[in-house]
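K.L.:
Let me begin by handing over the structure; questions about it come next.
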Amino acid sequence: MPEKKVSRKKTGAKAEELKEEKPVRKPASKKAEPAKKEKPVKKAETAEEKPAVTEPAVPSEPELPQPRRSVAFIGSECYPFVKTGGLGDVMYALPRALTKQNCDVKVILPRYACIPQKYQEKMIYRGAFEMDLCADGRSYYVGIMEYVWDGVVYDFIDNDEFFSWGKPYTNLVDDIPKFCYFSKAALAALNYMDWVPDIIHCHDWQAALVPVFQQAMFQGTPVANAKTVFTIHNLRFQGIYDIKTIKYWTNLPDALFDYAVLKQGNDDANMLKGGLSYASMITTVSNTYAWEIQTEFFGEKLDAHLRYHSGKLRGIVNGIDVDIWNPKTDPLLPANYDVNDAIEQKKACKKTLQENLGLEDNQDKMVIGLISRLTNQKGLDLVNAIIPSLIDGNTQIVVLGTGDPEYENSFRYYENTYKGSVCSNIMYDEERAHQIYAGADALLVPSLFEPCGLTQLIAMRYGTVPIVRETGGLKDTVEPYNEFTNEGNGFTFDRYEAGLLLDAINRAKTLYFTERDRWDEMVKRDLQKDVSWEKSAAQYRSLYLELKP
Ligand code: ADP
């Protein structure tokens, strides 16, 4: 991503213009709650200001569920500004889906220097203040840059010192202070903008201190009235560092560095653990994962803590953006299709895929895809163990991914050994991903654990049959094929064993090669399956209403 910085603190034309009227101020109190009267009065640039002039604040369409609720999303990444994984997709798609459920949504993000210039240019200066942060009284500049797009307001927290790296995450030494600052600045910014939502919805460890700061340092300020929801996208990443450092960067009271809140082991503080302790509600991205993380195997050392808080823990499965992922309109495909012409048009996609990847151009071969980060989470040990058994002259395997050198090299080895049958694309390539989703017959997702998983959802949306392990969101979203009733969306296996993965693939192959009519019916069922955000957004909305009836 480009690292060029534009119109950042004290540099942008707009910031300069507006600065005269609204000088950078110290917050009125230590809790960074500027006095309401100091709120900048600007032209209608924000969602909440705009309606007062032109349109009614509450849309009058009768079909919108009532009442209206306001939500601030706080997280460390959001497509298309910055994305490193599934979190970026969710931060993009869920707010948009919530606006259709009569929610007023603001998304608060760091203003990384790596956000593409075309978005940086559209941001408008919304104000700035100084915020106390560290234990020694050190304070920091907090700038707010705003961009309103498709009904969602994006507020970027601006600070050169923390966000000028070329990528969002570097290493914990830098990331811990960065996200201590970000979590507090996000709350202070809500007070500063005088926009206190019903719900503050924070995501993953980078925003986990939001509920902690809210309870410990923002009492008596407007933002204390919001309820908090904390969503775990992947429990593996927690933001753990020594207590001394986190105490310095947060100035949180000693009492919170206790096993019930932040403390872990002898000397460490765990930011995610703190968020779990103080959030009004915890969600994770599938029902099965919500249950799994309360067990020792999946709990990443927080299973007991999660069991203790299980009364406020829910699972809500992710969706995908069905406009971006739409085989009927996808501009990256050689042929577009929907359920009516998928069986024919997918052949054209398969042919192009085979040609582009140097595989034998043959419709009779079954093409099995794998699109994944190449890490041990993704079940690649199982795949490596069985590839030789899959090579039978009728099967082609296409891998797309980057990650641990161990897996990158093993897939390169298999491509060399089984030329024409295995193609390993060791790269991150959005276009190729789309072509594999459309051109493959089946897609493997044999993960060791999978909080939700998006690739199986995208595969189904493209009429490609998923073969998955029954864990986390894979279990919740792929109904196993039932040969007696001819129902189901894919093939599944339960225990983490190579033999069981091979068995699932062989069951898929048997159906593909011997009962193609039934296979094609499954392709059509998958294409028609609802994998959109609509249902899940409605569940989030119900949760918000439960917290703020
Ligand atoms: P995770 O967030 O654990 O990596 P998910 O299944 O939730 O896994 O999301 C993975 C997303 O990243 C999907 O949209 C998938 O298409 C995409 N993806 C993964 N690897 C690649 C790659 N090498 N090239 C292009 N897209 C990829």
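Labeling convention for the structure tokens: chains A, B, ... as they appear, residues from 1 per chain, ligands from 1 in order of appearance.
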Please extract the residues of stretch 126-359 of chain A with a backbone DSSP assignment of strand (DSSP E or B) and present them as a PyMOL selection string.

P.N.:
chain A and resi 126-132+139-149+152-158+199-203+227-232+240-242+263-264+268-270+281-284+313-315

K.L.:
What does the list of residues within 6 Å of ligand 1 look like if you count only C-alpha atoms and all ligand atoms, written as a ChimeraX atom specification?

P.N.:
/A:85-86,371-373,400-402,427-430,433,453-455

K.L.:
Contacts of A:Ile74 at 9 Å or less, counting only C-alpha atoms, minus same-chain residues fewer than 3 places along, as a list in words?

P.N.:
Met91, Lys106, Val107, Ile108, Leu109, Ser183, Ala186, Ile200, His201, Cys202, His203, Ala207 and Val210 of chain A

K.L.:
Looking at A:Lys273, A:Arg126, A:Lys247, A:Lys328, which one is nearest to A:Glu300, with distances taken over only C-alpha atoms?

P.N.:
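Selected residue with least distance to A:Glu300: A:Lys273.
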
K.L.:
I want to know what sits within 7 Å of stretch 500-514 of chain A, based on only C-alpha atoms, with residues of the same chain fewer than 2 positions away left out; could you give that as a list in words?

P.N.:
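In the requested form, the answer reads Ile386, Ile467, Phe491, Thr492, Phe493, Glu497, Ala498, Arg516 and Trp519 of chain A.
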
K.L.:
Can you measure atom CA of A:Glu355 to atom CA of A:Met522 for me? One decimal in Å is fine.

P.N.:
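Result for atom CA of A:Glu355 versus atom CA of A:Met522: 25.8 Å, one decimal.
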
K.L.:
For the helix (DSSP H, G or I) assignment from backbone DSSP, which residues of stretch 56-239 of chain A qualify? Please present them as a ChimeraX atom specification.

P.N.:
/A:86-99,117-120,160-163,172-193,205-207,209-217,222-225

K.L.:
Excluding A:Met366 and its own-chain neighbours fewer than 2 positions away, which residues fall within 8 Å of it when counting only C-alpha atoms? Please give them as a PyMOL selection string.

P.N.:
chain A and resi 363-364+368+394-396+440-442+509+512

K.L.:
Counting only C-alpha atoms, which residue out of A:Arg461, A:Lys167, A:Lys244, A:Lys100 sits closest to A:Ala438?

P.N.:
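Closest to A:Ala438 of all the choices is A:Arg461.
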
K.L.:
Which residues come within 12 Å of A:Lys347, counting only C-alpha atoms, excluding same-chain residues fewer than 6 positions away, as a PyMOL selection string?

P.N.:
chain A and resi 333-337+341+353-354+361-367+435+438-441+463-464

K.L.:
Between atom CA of A:Tyr248 and atom CA of A:Asp194, what is the distance, to one decimal in Å?

P.N.:
28.2 Å
